[in-house]
file input.pdb (PDB, C-alpha atoms)
ATOM      1  CA  MET V  42      69.328  49.034  76.147
ATOM      2  CA  GLU V  43      68.845  48.153  72.477
ATOM      3  CA  PRO V  44      68.568  44.456  71.726
ATOM      4  CA  ASN V  45      71.910  42.922  70.884
ATOM      5  CA  ARG V  46      72.156  41.190  67.549
ATOM      6  CA  LEU V  47      74.898  38.956  66.251
ATOM      7  CA  LYS V  48      76.299  39.336  62.750
ATOM      8  CA  GLU V  49      75.045  36.705  60.345
ATOM      9  CA  HIS V  50      78.150  34.512  60.450
ATOM     10  CA  LEU V  51      78.071  34.312  64.263
ATOM     11  CA  LYS V  52      75.857  31.709  65.899
ATOM     12  CA  ILE V  53      74.966  31.338  69.595
ATOM     13  CA  ARG V  54      74.207  27.793  70.748
ATOM     14  CA  PRO V  55      74.912  25.222  73.502
ATOM     15  CA  LEU V  56      78.399  23.698  73.733
ATOM     16  CA  GLU V  57      78.862  20.550  71.630
ATOM     17  CA  VAL V  58      81.430  17.768  72.043
ATOM     18  CA  ALA V  59      82.877  18.774  68.654
ATOM     19  CA  ASP V  60      83.789  22.191  70.110
ATOM     20  CA  PHE V  61      86.906  20.529  71.478
ATOM     21  CA  GLY V  62      88.167  20.790  67.890
ATOM     22  CA  ARG V  63      86.838  24.328  67.436
ATOM     23  CA  GLY V  64      89.156  25.995  69.908
ATOM     24  CA  TYR V  65      86.885  26.019  72.950
ATOM     25  CA  LEU V  66      89.679  25.272  75.418
ATOM     26  CA  THR V  67      92.066  27.709  73.725
ATOM     27  CA  LEU V  68      89.396  30.364  74.183
ATOM     28  CA  LEU V  69      89.027  29.507  77.885
ATOM     29  CA  SER V  70      92.786  29.842  78.281
ATOM     30  CA  GLN V  71      92.342  33.577  77.587
ATOM     31  CA  LEU V  72      90.409  33.639  80.889
ATOM     32  CA  THR V  73      92.268  31.312  83.219
ATOM     33  CA  LYS V  74      94.534  28.282  83.455
ATOM     34  CA  VAL V  75      93.116  25.373  81.479
ATOM     35  CA  GLY V  76      95.975  22.892  81.729
ATOM     36  CA  ASP V  77      96.261  19.712  79.740
ATOM     37  CA  VAL V  78      92.724  18.503  78.996
ATOM     38  CA  SER V  79      92.642  15.551  76.567
ATOM     39  CA  LYS V  80      89.792  14.939  74.163
ATOM     40  CA  GLU V  81      88.706  12.019  76.354
ATOM     41  CA  ALA V  82      88.748  14.136  79.538
ATOM     42  CA  PHE V  83      86.770  16.825  77.720
ATOM     43  CA  GLN V  84      84.155  14.327  76.533
ATOM     44  CA  LYS V  85      83.859  12.801  79.993
ATOM     45  CA  GLN V  86      83.361  16.181  81.678
ATOM     46  CA  PHE V  87      80.978  17.280  78.919
ATOM     47  CA  GLU V  88      78.841  14.198  79.534
ATOM     48  CA  LYS V  89      78.750  14.808  83.299
ATOM     49  CA  MET V  90      77.651  18.386  82.747
ATOM     50  CA  ARG V  91      75.080  17.404  80.127
ATOM     51  CA  SER V  92      73.512  14.576  82.090
ATOM     52  CA  SER V  93      73.204  16.683  85.246
ATOM     53  CA  GLY V  94      70.907  19.108  83.442
ATOM     54  CA  SER V  95      72.339  21.978  85.500
ATOM     55  CA  TYR V  96      74.847  23.479  83.039
ATOM     56  CA  TYR V  97      74.021  25.801  80.183
ATOM     57  CA  VAL V  98      77.426  26.106  78.571
ATOM     58  CA  THR V  99      76.730  28.661  75.847
ATOM     59  CA  VAL V 100      79.073  29.419  72.977
ATOM     60  CA  ILE V 101      79.261  31.744  70.003
ATOM     61  CA  GLU V 102      80.761  30.181  66.886
ATOM     62  CA  ASP V 103      82.151  32.048  63.911
ATOM     63  CA  CYS V 104      80.721  29.965  61.061
ATOM     64  CA  ASN V 105      83.267  31.410  58.626
ATOM     65  CA  THR V 106      86.192  29.953  60.561
ATOM     66  CA  ASN V 107      84.416  27.224  62.585
ATOM     67  CA  LYS V 108      85.978  28.589  65.743
ATOM     68  CA  VAL V 109      84.332  29.199  69.113
ATOM     69  CA  VAL V 110      84.886  32.911  69.779
ATOM     70  CA  GLY V 111      82.833  33.489  72.928
ATOM     71  CA  THR V 112      81.455  31.519  75.826
ATOM     72  CA  ALA V 113      79.617  31.888  79.122
ATOM     73  CA  THR V 114      78.058  29.295  81.403
ATOM     74  CA  LEU V 115      74.893  29.416  83.462
ATOM     75  CA  PHE V 116      75.032  26.921  86.250
ATOM     76  CA  THR V 117      71.898  26.250  88.321
ATOM     77  CA  GLU V 118      72.070  24.938  91.889
ATOM     78  CA  TYR V 119      69.194  23.201  93.693
ATOM     79  CA  LYS V 120      68.250  24.849  96.964
ATOM     80  CA  MET V 121      65.979  23.914  99.840
ATOM     81  CA  VAL V 122      65.750  27.577 100.849
ATOM     82  CA  HIS V 123      63.708  30.088  98.843
ATOM     83  CA  ASN V 124      60.846  27.669  98.252
ATOM     84  CA  ALA V 125      63.159  24.902  97.036
ATOM     85  CA  ARG V 126      63.894  26.909  93.909
ATOM     86  CA  LYS V 127      67.187  27.223  92.085
ATOM     87  CA  ARG V 128      70.047  29.665  92.314
ATOM     88  CA  GLY V 129      71.816  30.609  89.105
ATOM     89  CA  ARG V 130      75.511  31.384  88.648
ATOM     90  CA  VAL V 131      77.330  32.981  85.768
ATOM     91  CA  GLU V 132      80.681  31.302  85.176
ATOM     92  CA  ASP V 133      83.558  31.275  82.699
ATOM     93  CA  VAL V 134      82.700  34.292  80.572
ATOM     94  CA  VAL V 135      85.207  35.043  77.814
ATOM     95  CA  VAL V 136      85.216  36.599  74.363
ATOM     96  CA  ASP V 137      88.140  36.049  71.994
ATOM     97  CA  ASP V 138      90.578  38.988  71.971
ATOM     98  CA  GLU V 139      90.035  39.463  68.243
ATOM     99  CA  TYR V 140      86.247  39.721  68.637
ATOM    100  CA  ARG V 141      86.131  42.355  71.378
ATOM    101  CA  GLY V 142      84.023  45.446  70.755
ATOM    102  CA  GLN V 143      81.299  43.535  68.898
ATOM    103  CA  LYS V 144      79.044  43.176  71.969
ATOM    104  CA  LEU V 145      79.382  39.392  72.006
ATOM    105  CA  GLY V 146      79.655  39.542  75.792
ATOM    106  CA  ASN V 147      76.344  41.410  75.947
ATOM    107  CA  VAL V 148      74.627  38.729  73.892
ATOM    108  CA  LEU V 149      76.049  36.005  76.128
ATOM    109  CA  ILE V 150      75.036  37.641  79.415
ATOM    110  CA  GLU V 151      71.561  38.627  78.205
ATOM    111  CA  THR V 152      71.077  35.041  77.024
ATOM    112  CA  LEU V 153      72.111  33.614  80.395
ATOM    113  CA  LYS V 154      69.771  36.037  82.181
ATOM    114  CA  LYS V 155      66.856  34.802  80.081
ATOM    115  CA  LEU V 156      67.806  31.177  80.728
ATOM    116  CA  ALA V 157      67.961  31.863  84.480
ATOM    117  CA  VAL V 158      64.453  33.347  84.428
ATOM    118  CA  HIS V 159      63.259  30.388  82.340
ATOM    119  CA  GLU V 160      64.791  28.043  84.932
ATOM    120  CA  ASP V 161      62.920  29.920  87.692
ATOM    121  CA  CYS V 162      66.087  30.929  89.533
ATOM    122  CA  TYR V 163      65.423  33.255  92.479
ATOM    123  CA  LYS V 164      68.758  34.977  91.971
ATOM    124  CA  LEU V 165      71.708  35.035  89.633
ATOM    125  CA  THR V 166      75.190  35.693  90.991
ATOM    126  CA  LEU V 167      78.794  35.817  89.867
ATOM    127  CA  ASP V 168      82.237  36.634  91.120
ATOM    128  CA  CYS V 169      84.654  38.769  89.138
ATOM    129  CA  ASN V 170      87.803  40.869  89.043
ATOM    130  CA  ASP V 171      87.706  44.561  89.984
ATOM    131  CA  GLU V 172      87.946  45.612  86.325
ATOM    132  CA  MET V 173      84.737  43.782  85.406
ATOM    133  CA  ILE V 174      82.383  45.286  88.008
ATOM    134  CA  ALA V 175      81.271  48.241  85.883
ATOM    135  CA  TRP V 176      80.632  45.988  82.903
ATOM    136  CA  TYR V 177      78.397  43.634  84.907
ATOM    137  CA  ASN V 178      76.610  46.603  86.482
ATOM    138  CA  ARG V 179      75.225  47.393  83.015
ATOM    139  CA  PHE V 180      73.212  44.181  83.073
ATOM    140  CA  GLY V 181      71.804  44.822  86.543
ATOM    141  CA  PHE V 182      74.300  42.860  88.624
ATOM    142  CA  ILE V 183      75.115  44.806  91.781
ATOM    143  CA  VAL V 184      77.358  44.559  94.815
ATOM    144  CA  GLU V 185      74.758  44.313  97.585
ATOM    145  CA  PRO V 186      76.018  46.283 100.608
ATOM    146  CA  GLY V 187      76.981  44.215 103.636
ATOM    147  CA  ARG V 188      76.449  40.845 102.032
ATOM    148  CA  SER V 189      78.709  40.642  99.011
ATOM    149  CA  ASN V 190      81.971  39.193 100.264
ATOM    150  CA  PHE V 191      83.694  36.534  98.233
ATOM    151  CA  LEU V 192      86.238  34.277  99.945
ATOM    152  CA  THR V 193      88.502  31.573  98.581
ATOM    153  CA  ILE V 194      90.780  28.745  99.643
ATOM    154  CA  ARG V 195      93.096  27.402  96.926
ATOM    155  CA  LEU V 196      93.373  23.636  97.255
ATOM    156  CA  GLU V 197      95.809  23.020  94.428
ATOM    157  CA  SER V 198      98.822  20.986  95.389
TER     158      SER V 198
ATOM    159  CA  MET W 813      93.986  24.620 115.697
ATOM    160  CA  GLU W 814      93.000  21.735 117.956
ATOM    161  CA  PRO W 815      90.775  19.115 116.388
ATOM    162  CA  ASN W 816      87.142  19.867 116.942
ATOM    163  CA  ARG W 817      85.135  17.171 118.615
ATOM    164  CA  LEU W 818      81.404  16.871 118.982
ATOM    165  CA  LYS W 819      79.790  15.943 122.278
ATOM    166  CA  GLU W 820      78.593  12.358 122.382
ATOM    167  CA  HIS W 821      74.920  13.113 121.767
ATOM    168  CA  LEU W 822      75.718  15.127 118.620
ATOM    169  CA  LYS W 823      76.182  13.299 115.337
ATOM    170  CA  ILE W 824      77.456  14.663 112.008
ATOM    171  CA  ARG W 825      76.138  12.923 108.897
ATOM    172  CA  PRO W 826      74.651  13.521 105.404
ATOM    173  CA  LEU W 827      71.125  14.942 105.146
ATOM    174  CA  GLU W 828      68.377  12.296 105.103
ATOM    175  CA  VAL W 829      64.829  12.576 103.766
ATOM    176  CA  ALA W 830      63.577  12.078 107.325
ATOM    177  CA  ASP W 831      65.299  15.334 108.354
ATOM    178  CA  PHE W 832      62.234  17.104 107.016
ATOM    179  CA  GLY W 833      60.617  15.969 110.287
ATOM    180  CA  ARG W 834      63.680  16.826 112.365
ATOM    181  CA  GLY W 835      63.494  20.569 111.905
ATOM    182  CA  TYR W 836      65.933  20.941 109.004
ATOM    183  CA  LEU W 837      63.911  23.648 107.265
ATOM    184  CA  THR W 838      63.198  25.462 110.532
ATOM    185  CA  LEU W 839      66.953  25.558 111.095
ATOM    186  CA  LEU W 840      67.560  26.985 107.596
ATOM    187  CA  SER W 841      64.988  29.687 108.328
ATOM    188  CA  GLN W 842      67.452  31.062 110.909
ATOM    189  CA  LEU W 843      69.703  31.809 107.912
ATOM    190  CA  THR W 844      67.388  32.997 105.149
ATOM    191  CA  LYS W 845      63.883  32.860 103.744
ATOM    192  CA  VAL W 846      62.726  29.267 103.323
ATOM    193  CA  GLY W 847      59.105  29.798 102.339
ATOM    194  CA  ASP W 848      56.494  27.097 102.148
ATOM    195  CA  VAL W 849      58.279  23.846 101.235
ATOM    196  CA  SER W 850      55.989  20.795 101.444
ATOM    197  CA  LYS W 851      57.233  17.333 102.361
ATOM    198  CA  GLU W 852      56.777  16.341  98.707
ATOM    199  CA  ALA W 853      58.740  19.346  97.416
ATOM    200  CA  PHE W 854      61.481  18.571  99.942
ATOM    201  CA  GLN W 855      61.681  14.924  98.856
ATOM    202  CA  LYS W 856      61.743  15.896  95.188
ATOM    203  CA  GLN W 857      64.582  18.404  95.689
ATOM    204  CA  PHE W 858      66.438  15.973  97.955
ATOM    205  CA  GLU W 859      66.313  13.320  95.223
ATOM    206  CA  LYS W 860      67.598  15.767  92.573
ATOM    207  CA  MET W 861      70.495  16.736  94.828
ATOM    208  CA  ARG W 862      71.267  13.133  95.744
ATOM    209  CA  SER W 863      71.171  11.752  92.215
ATOM    210  CA  SER W 864      73.409  14.519  90.856
ATOM    211  CA  GLY W 865      76.226  13.402  93.162
ATOM    212  CA  SER W 866      77.351  17.026  93.516
ATOM    213  CA  TYR W 867      75.807  17.979  96.876
ATOM    214  CA  TYR W 868      77.203  17.110 100.279
ATOM    215  CA  VAL W 869      74.442  18.435 102.494
ATOM    216  CA  THR W 870      75.904  17.841 105.934
ATOM    217  CA  VAL W 871      73.940  18.052 109.174
ATOM    218  CA  ILE W 872      74.539  17.741 112.891
ATOM    219  CA  GLU W 873      71.743  16.013 114.791
ATOM    220  CA  ASP W 874      71.170  16.184 118.523
ATOM    221  CA  CYS W 875      70.327  12.542 119.235
ATOM    222  CA  ASN W 876      68.721  13.469 122.554
ATOM    223  CA  THR W 877      66.063  15.579 120.864
ATOM    224  CA  ASN W 878      66.195  14.162 117.311
ATOM    225  CA  LYS W 879      66.557  17.666 115.943
ATOM    226  CA  VAL W 880      68.933  18.926 113.276
ATOM    227  CA  VAL W 881      70.928  21.681 114.996
ATOM    228  CA  GLY W 882      73.550  22.546 112.392
ATOM    229  CA  THR W 883      74.059  22.281 108.660
ATOM    230  CA  ALA W 884      76.424  23.248 105.857
ATOM    231  CA  THR W 885      76.542  22.187 102.221
ATOM    232  CA  LEU W 886      79.482  21.503  99.948
ATOM    233  CA  PHE W 887      78.491  21.814  96.362
ATOM    234  CA  THR W 888      80.932  20.721  93.633
ATOM    235  CA  GLU W 889      80.804  22.147  90.124
ATOM    236  CA  TYR W 890      82.323  20.482  87.048
ATOM    237  CA  LYS W 891      84.798  22.664  85.198
ATOM    238  CA  MET W 892      86.602  22.430  81.882
ATOM    239  CA  VAL W 893      89.239  24.868  83.128
ATOM    240  CA  HIS W 894      91.881  23.853  85.682
ATOM    241  CA  ASN W 895      92.444  20.432  84.101
ATOM    242  CA  ALA W 896      88.713  19.644  84.011
ATOM    243  CA  ARG W 897      88.676  19.399  87.799
ATOM    244  CA  LYS W 898      85.959  20.534  90.167
ATOM    245  CA  ARG W 899      85.334  23.735  92.027
ATOM    246  CA  GLY W 900      83.816  23.495  95.500
ATOM    247  CA  ARG W 901      81.403  25.916  97.130
ATOM    248  CA  VAL W 902      80.339  26.249 100.726
ATOM    249  CA  GLU W 903      76.635  27.037 100.999
ATOM    250  CA  ASP W 904      73.867  27.363 103.568
ATOM    251  CA  VAL W 905      75.881  27.264 106.778
ATOM    252  CA  VAL W 906      73.816  27.628 109.948
ATOM    253  CA  VAL W 907      73.975  26.514 113.566
ATOM    254  CA  ASP W 908      70.889  26.654 115.787
ATOM    255  CA  ASP W 909      70.830  29.744 118.040
ATOM    256  CA  GLU W 910      70.685  27.528 121.122
ATOM    257  CA  TYR W 911      73.796  25.585 120.094
ATOM    258  CA  ARG W 912      76.124  28.518 119.416
ATOM    259  CA  GLY W 913      79.473  28.563 121.204
ATOM    260  CA  GLN W 914      79.960  24.797 120.973
ATOM    261  CA  LYS W 915      82.153  24.974 117.841
ATOM    262  CA  LEU W 916      79.590  23.139 115.724
ATOM    263  CA  GLY W 917      80.325  25.562 112.877
ATOM    264  CA  ASN W 918      84.012  24.646 113.064
ATOM    265  CA  VAL W 919      83.214  20.951 112.778
ATOM    266  CA  LEU W 920      80.976  21.610 109.773
ATOM    267  CA  ILE W 921      83.497  23.773 107.889
ATOM    268  CA  GLU W 922      86.456  21.493 108.625
ATOM    269  CA  THR W 923      84.372  18.555 107.398
ATOM    270  CA  LEU W 924      83.473  20.341 104.140
ATOM    271  CA  LYS W 925      87.124  21.266 103.596
ATOM    272  CA  LYS W 926      88.110  17.605 103.895
ATOM    273  CA  LEU W 927      85.339  16.570 101.528
ATOM    274  CA  ALA W 928      86.476  19.201  98.987
ATOM    275  CA  VAL W 929      90.036  17.833  99.089
ATOM    276  CA  HIS W 930      88.671  14.292  98.769
ATOM    277  CA  GLU W 931      86.663  15.424  95.719
ATOM    278  CA  ASP W 932      89.855  16.885  94.208
ATOM    279  CA  CYS W 933      88.463  20.429  94.038
ATOM    280  CA  TYR W 934      91.059  22.972  92.906
ATOM    281  CA  LYS W 935      89.476  25.663  95.042
ATOM    282  CA  LEU W 936      86.732  26.157  97.586
ATOM    283  CA  THR W 937      84.795  29.420  97.679
ATOM    284  CA  LEU W 938      81.891  31.029  99.468
ATOM    285  CA  ASP W 939      80.048  34.315  99.703
ATOM    286  CA  CYS W 940      79.072  35.816 103.031
ATOM    287  CA  ASN W 941      77.942  38.838 105.030
ATOM    288  CA  ASP W 942      80.485  41.339 106.376
ATOM    289  CA  GLU W 943      80.113  39.965 109.917
ATOM    290  CA  MET W 944      81.228  36.478 108.874
ATOM    291  CA  ILE W 945      84.523  37.341 107.151
ATOM    292  CA  ALA W 946      86.704  37.075 110.276
ATOM    293  CA  TRP W 947      85.121  33.742 111.174
ATOM    294  CA  TYR W 948      85.839  32.242 107.746
ATOM    295  CA  ASN W 949      89.389  33.668 107.804
ATOM    296  CA  ARG W 950      90.119  31.279 110.676
ATOM    297  CA  PHE W 951      89.689  28.317 108.336
ATOM    298  CA  GLY W 952      91.934  29.788 105.663
ATOM    299  CA  PHE W 953      89.314  31.440 103.451
ATOM    300  CA  ILE W 954      90.606  34.816 102.269
ATOM    301  CA  VAL W 955      89.441  37.794 100.241
ATOM    302  CA  GLU W 956      91.880  37.650  97.310
ATOM    303  CA  PRO W 957      92.812  41.236  96.353
ATOM    304  CA  GLY W 958      91.490  42.429  93.002
ATOM    305  CA  ARG W 959      89.473  39.334  92.213
ATOM    306  CA  SER W 960      86.960  38.884  94.999
ATOM    307  CA  ASN W 961      83.894  40.797  93.912
ATOM    308  CA  PHE W 962      80.493  39.227  94.384
ATOM    309  CA  LEU W 963      77.578  40.527  92.310
ATOM    310  CA  THR W 964      73.889  39.645  92.355
ATOM    311  CA  ILE W 965      70.667  40.105  90.412
ATOM    312  CA  ARG W 966      67.494  39.213  92.305
ATOM    313  CA  LEU W 967      65.051  37.530  89.949
ATOM    314  CA  GLU W 968      62.172  37.050  92.362
ATOM    315  CA  SER W 969      58.876  38.354  91.115
TER     316      SER W 969
END
call {"tool": "encode", "arguments": {"input": "input.pdb", "output": "structure tokens"}}
result
Amino acid sequence: MEPNRLKEHLKIRPLEVADFGRGYLTLLSQLTKVGDVSKEAFQKQFEKMRSSGSYYVTVIEDCNTNKVVGTATLFTEYKMVHNARKRGRVEDVVVDDEYRGQKLGNVLIETLKKLAVHEDCYKLTLDCNDEMIAWYNRFGFIVEPGRSNFLTIRLES
Amino acid sequence: MEPNRLKEHLKIRPLEVADFGRGYLTLLSQLTKVGDVSKEAFQKQFEKMRSSGSYYVTVIEDCNTNKVVGTATLFTEYKMVHNARKRGRVEDVVVDDEYRGQKLGNVLIETLKKLAVHEDCYKLTLDCNDEMIAWYNRFGFIVEPGRSNFLTIRLES
């Protein structure tokens, strides 16, 4: 695969508190239910994520419009198994509808893969909809036979 | 489902540093590769997990033998989506071969479910082998159609 490059006005970087005002939550709402998250709630959650050192919330900003147009998160989990290394997870991947077809998703996933290697994760996993399997396959993610079941309980009241 | 009760000599509690000497890692090796984890590495990882406040590593000890005979971990992940609530994950569930059939697994999973509700998680998820699906179904975990794919990249060198 050829290296993915972003156009000059697009910048990939970690999430900042100021991204609350750059449409970060509106972008996430293209992926799933966000609900009513105040600036204070955002800042509080941001600080918890930052101080834990386990979240690489990565965004792509369009510097022409000062809007966040793509995001993906690497989350790393401490394990006792596998030599007390870390397990990585890819979460909350979304590219703005108007920026599809520019390979922004590729840049995000390749970036998270590099971060996971840098963090010495022994594996990187994700869960996704049926439609996304083929896309993730391109990056080397596979459904491992016999051991790839994903189960959920919804706890929302 | 009737409430699950542990026999008097069995105690459910959070993981302690001293569980290194009570066979905790030997128990985990019945589930997956543990590798060579020194007492120091164990303590270091334990402290990272403890200080993050996101890990409920739960164990069952047999007080007659002072051995850890069952374990399961609830891990909670901070989210911006879903009203900046938390997502829970069930990880590293194992009951000692010699203690199977005593419903220790039920006690562990029901305990983690209660903890996830207490932590205000909006959902609780897990990934598992084919053979375990029916067992997890009993507790209400389901494979949600169209959105339950689990993909992996192994990063081990």
call {"tool": "interface_residues", "arguments": {"input": "input.pdb", "of": "chain W", "to": "chain V", "cutoff": "8 Å", "atoms": "only C-alpha atoms", "output": "ChimeraX atom specification"}}
result
/W:837,840-841,844-849,853-854,857,860-861,864,890-896,929,933-942,945,952-956,958-968
call {"tool": "residues_near_point", "arguments": {"input": "input.pdb", "point": "(85.3, 28.3, 114.2)", "cutoff": "12 Å", "atoms": "all atoms listed in the file", "output": "MDAnalysis selection string"}}
result
chainID W and resid 813:817 907 912:923 944:953
call {"tool": "residues_around", "arguments": {"input": "input.pdb", "residues": "Tyr868 in chain W", "least_positions_apart": "6", "cutoff": "9 Å", "atoms": "all atoms listed in the file", "output": "ChimeraX atom specification"}}
result
/W:826-827,861-862,884-888,924,927
call {"tool": "calpha_fit_and_write", "arguments": {"input": "input.pdb", "fixed": "chain W", "moving": "chain V", "output": "compact mmCIF listing (two decimals) with C-alpha atoms, keeping the file's coordinate frame"}}
result
# COMPACT_ATOMS: atom_id res chain seq x y z
CA MET V 42 94.03 24.64 115.70
CA GLU V 43 93.03 21.77 117.98
CA PRO V 44 90.81 19.14 116.39
CA ASN V 45 87.15 19.86 116.93
CA ARG V 46 85.15 17.16 118.62
CA LEU V 47 81.41 16.87 118.98
CA LYS V 48 79.79 15.92 122.28
CA GLU V 49 78.59 12.34 122.38
CA HIS V 50 74.92 13.10 121.74
CA LEU V 51 75.72 15.12 118.61
CA LYS V 52 76.18 13.28 115.33
CA ILE V 53 77.47 14.65 112.00
CA ARG V 54 76.14 12.91 108.89
CA PRO V 55 74.66 13.51 105.41
CA LEU V 56 71.13 14.94 105.14
CA GLU V 57 68.39 12.30 105.10
CA VAL V 58 64.83 12.58 103.76
CA ALA V 59 63.58 12.07 107.33
CA ASP V 60 65.30 15.33 108.35
CA PHE V 61 62.23 17.11 107.02
CA GLY V 62 60.62 15.97 110.28
CA ARG V 63 63.69 16.83 112.37
CA GLY V 64 63.51 20.57 111.90
CA TYR V 65 65.93 20.94 109.00
CA LEU V 66 63.91 23.65 107.26
CA THR V 67 63.21 25.47 110.53
CA LEU V 68 66.96 25.56 111.08
CA LEU V 69 67.55 26.98 107.59
CA SER V 70 64.99 29.69 108.32
CA GLN V 71 67.45 31.06 110.91
CA LEU V 72 69.70 31.81 107.90
CA THR V 73 67.40 33.00 105.15
CA LYS V 74 63.88 32.87 103.74
CA VAL V 75 62.74 29.28 103.31
CA GLY V 76 59.11 29.81 102.34
CA ASP V 77 56.50 27.10 102.15
CA VAL V 78 58.28 23.86 101.25
CA SER V 79 55.99 20.80 101.45
CA LYS V 80 57.24 17.35 102.35
CA GLU V 81 56.77 16.34 98.71
CA ALA V 82 58.76 19.35 97.42
CA PHE V 83 61.49 18.57 99.95
CA GLN V 84 61.68 14.93 98.86
CA LYS V 85 61.75 15.90 95.20
CA GLN V 86 64.58 18.41 95.69
CA PHE V 87 66.43 15.97 97.96
CA GLU V 88 66.31 13.33 95.22
CA LYS V 89 67.61 15.77 92.59
CA MET V 90 70.50 16.74 94.82
CA ARG V 91 71.26 13.13 95.75
CA SER V 92 71.17 11.75 92.22
CA SER V 93 73.40 14.52 90.87
CA GLY V 94 76.22 13.41 93.17
CA SER V 95 77.35 17.03 93.51
CA TYR V 96 75.80 17.98 96.88
CA TYR V 97 77.20 17.11 100.27
CA VAL V 98 74.44 18.43 102.48
CA THR V 99 75.91 17.85 105.94
CA VAL V 100 73.94 18.05 109.16
CA ILE V 101 74.55 17.73 112.88
CA GLU V 102 71.75 16.01 114.78
CA ASP V 103 71.16 16.18 118.51
CA CYS V 104 70.33 12.53 119.24
CA ASN V 105 68.73 13.48 122.56
CA THR V 106 66.06 15.58 120.86
CA ASN V 107 66.20 14.16 117.30
CA LYS V 108 66.56 17.67 115.95
CA VAL V 109 68.94 18.93 113.27
CA VAL V 110 70.94 21.68 114.99
CA GLY V 111 73.56 22.54 112.38
CA THR V 112 74.06 22.28 108.66
CA ALA V 113 76.43 23.25 105.86
CA THR V 114 76.54 22.18 102.22
CA LEU V 115 79.49 21.50 99.95
CA PHE V 116 78.49 21.81 96.36
CA THR V 117 80.93 20.72 93.64
CA GLU V 118 80.80 22.15 90.11
CA TYR V 119 82.33 20.47 87.05
CA LYS V 120 84.80 22.67 85.20
CA MET V 121 86.60 22.42 81.89
CA VAL V 122 89.24 24.86 83.14
CA HIS V 123 91.87 23.84 85.69
CA ASN V 124 92.43 20.43 84.13
CA ALA V 125 88.71 19.63 84.02
CA ARG V 126 88.67 19.39 87.80
CA LYS V 127 85.95 20.53 90.16
CA ARG V 128 85.32 23.74 92.03
CA GLY V 129 83.83 23.50 95.50
CA ARG V 130 81.39 25.92 97.13
CA VAL V 131 80.34 26.26 100.73
CA GLU V 132 76.63 27.04 100.99
CA ASP V 133 73.87 27.37 103.58
CA VAL V 134 75.88 27.28 106.79
CA VAL V 135 73.81 27.64 109.96
CA VAL V 136 73.98 26.52 113.57
CA ASP V 137 70.89 26.65 115.78
CA ASP V 138 70.82 29.73 118.03
CA GLU V 139 70.68 27.53 121.12
CA TYR V 140 73.80 25.58 120.10
CA ARG V 141 76.12 28.52 119.42
CA GLY V 142 79.47 28.57 121.21
CA GLN V 143 79.95 24.79 120.96
CA LYS V 144 82.13 24.98 117.83
CA LEU V 145 79.58 23.14 115.71
CA GLY V 146 80.32 25.55 112.87
CA ASN V 147 84.01 24.64 113.07
CA VAL V 148 83.21 20.95 112.77
CA LEU V 149 80.97 21.61 109.77
CA ILE V 150 83.48 23.77 107.89
CA GLU V 151 86.45 21.49 108.62
CA THR V 152 84.36 18.56 107.39
CA LEU V 153 83.47 20.34 104.15
CA LYS V 154 87.13 21.26 103.60
CA LYS V 155 88.11 17.60 103.89
CA LEU V 156 85.32 16.57 101.52
CA ALA V 157 86.47 19.19 98.99
CA VAL V 158 90.03 17.83 99.09
CA HIS V 159 88.66 14.28 98.77
CA GLU V 160 86.65 15.42 95.73
CA ASP V 161 89.84 16.88 94.21
CA CYS V 162 88.47 20.42 94.05
CA TYR V 163 91.06 22.98 92.91
CA LYS V 164 89.46 25.66 95.05
CA LEU V 165 86.73 26.16 97.59
CA THR V 166 84.80 29.42 97.68
CA LEU V 167 81.88 31.05 99.45
CA ASP V 168 80.05 34.31 99.71
CA CYS V 169 79.07 35.82 103.04
CA ASN V 170 77.94 38.84 105.03
CA ASP V 171 80.48 41.34 106.38
CA GLU V 172 80.11 39.97 109.92
CA MET V 173 81.22 36.48 108.87
CA ILE V 174 84.52 37.36 107.15
CA ALA V 175 86.68 37.08 110.27
CA TRP V 176 85.12 33.75 111.18
CA TYR V 177 85.83 32.24 107.75
CA ASN V 178 89.36 33.68 107.81
CA ARG V 179 90.11 31.28 110.68
CA PHE V 180 89.69 28.33 108.34
CA GLY V 181 91.93 29.80 105.65
CA PHE V 182 89.31 31.45 103.45
CA ILE V 183 90.60 34.82 102.26
CA VAL V 184 89.43 37.79 100.24
CA GLU V 185 91.88 37.65 97.33
CA PRO V 186 92.81 41.23 96.36
CA GLY V 187 91.50 42.42 93.00
CA ARG V 188 89.48 39.33 92.22
CA SER V 189 86.96 38.87 94.99
CA ASN V 190 83.88 40.79 93.91
CA PHE V 191 80.49 39.22 94.38
CA LEU V 192 77.57 40.52 92.31
CA THR V 193 73.89 39.64 92.35
CA ILE V 194 70.68 40.10 90.40
CA ARG V 195 67.49 39.22 92.30
CA LEU V 196 65.05 37.52 89.95
CA GLU V 197 62.19 37.05 92.37
CA SER V 198 58.88 38.33 91.13
call {"tool": "atom_distance", "arguments": {"input": "input.pdb", "atom1": "CA of Gln855 in chain W", "atom2": "CA of Glu910 in chain W"}}
result
27.1 Å
call {"tool": "closest_residue", "arguments": {"input": "input.pdb", "among": "V:Val135, V:Lys80, V:Asp103, V:Lys155", "to": "Ala59 in chain V", "atoms": "only C-alpha atoms"}}
result
V:Lys80
call {"tool": "atom_distance", "arguments": {"input": "input.pdb", "atom1": "CA of Arg63 in chain V", "atom2": "CA of Gly111 in chain V"}}
result
11.4 Å
call {"tool": "atom_distance", "arguments": {"input": "input.pdb", "atom1": "CA of Ile101 in chain V", "atom2": "CA of Leu51 in chain V"}}
result
6.4 Å
call {"tool": "resolve_selection", "arguments": {"input": "input.pdb", "expression": "the PyMOL selection byres ((chain W and resi 824) around 6)", "output": "list in words"}}
result
Lys823, Arg825, Val871 and Ile872 of chain W
call {"tool": "axis_aligned_box", "arguments": {"input": "input.pdb", "around": "range 122-136 of chain V", "padding_each_side": "8 Å", "output": "AutoDock Vina command-line options"}}
result
--center_x 73.0 --center_y 30.8 --center_z 87.6 --size_x 40.4 --size_y 27.7 --size_z 42.5
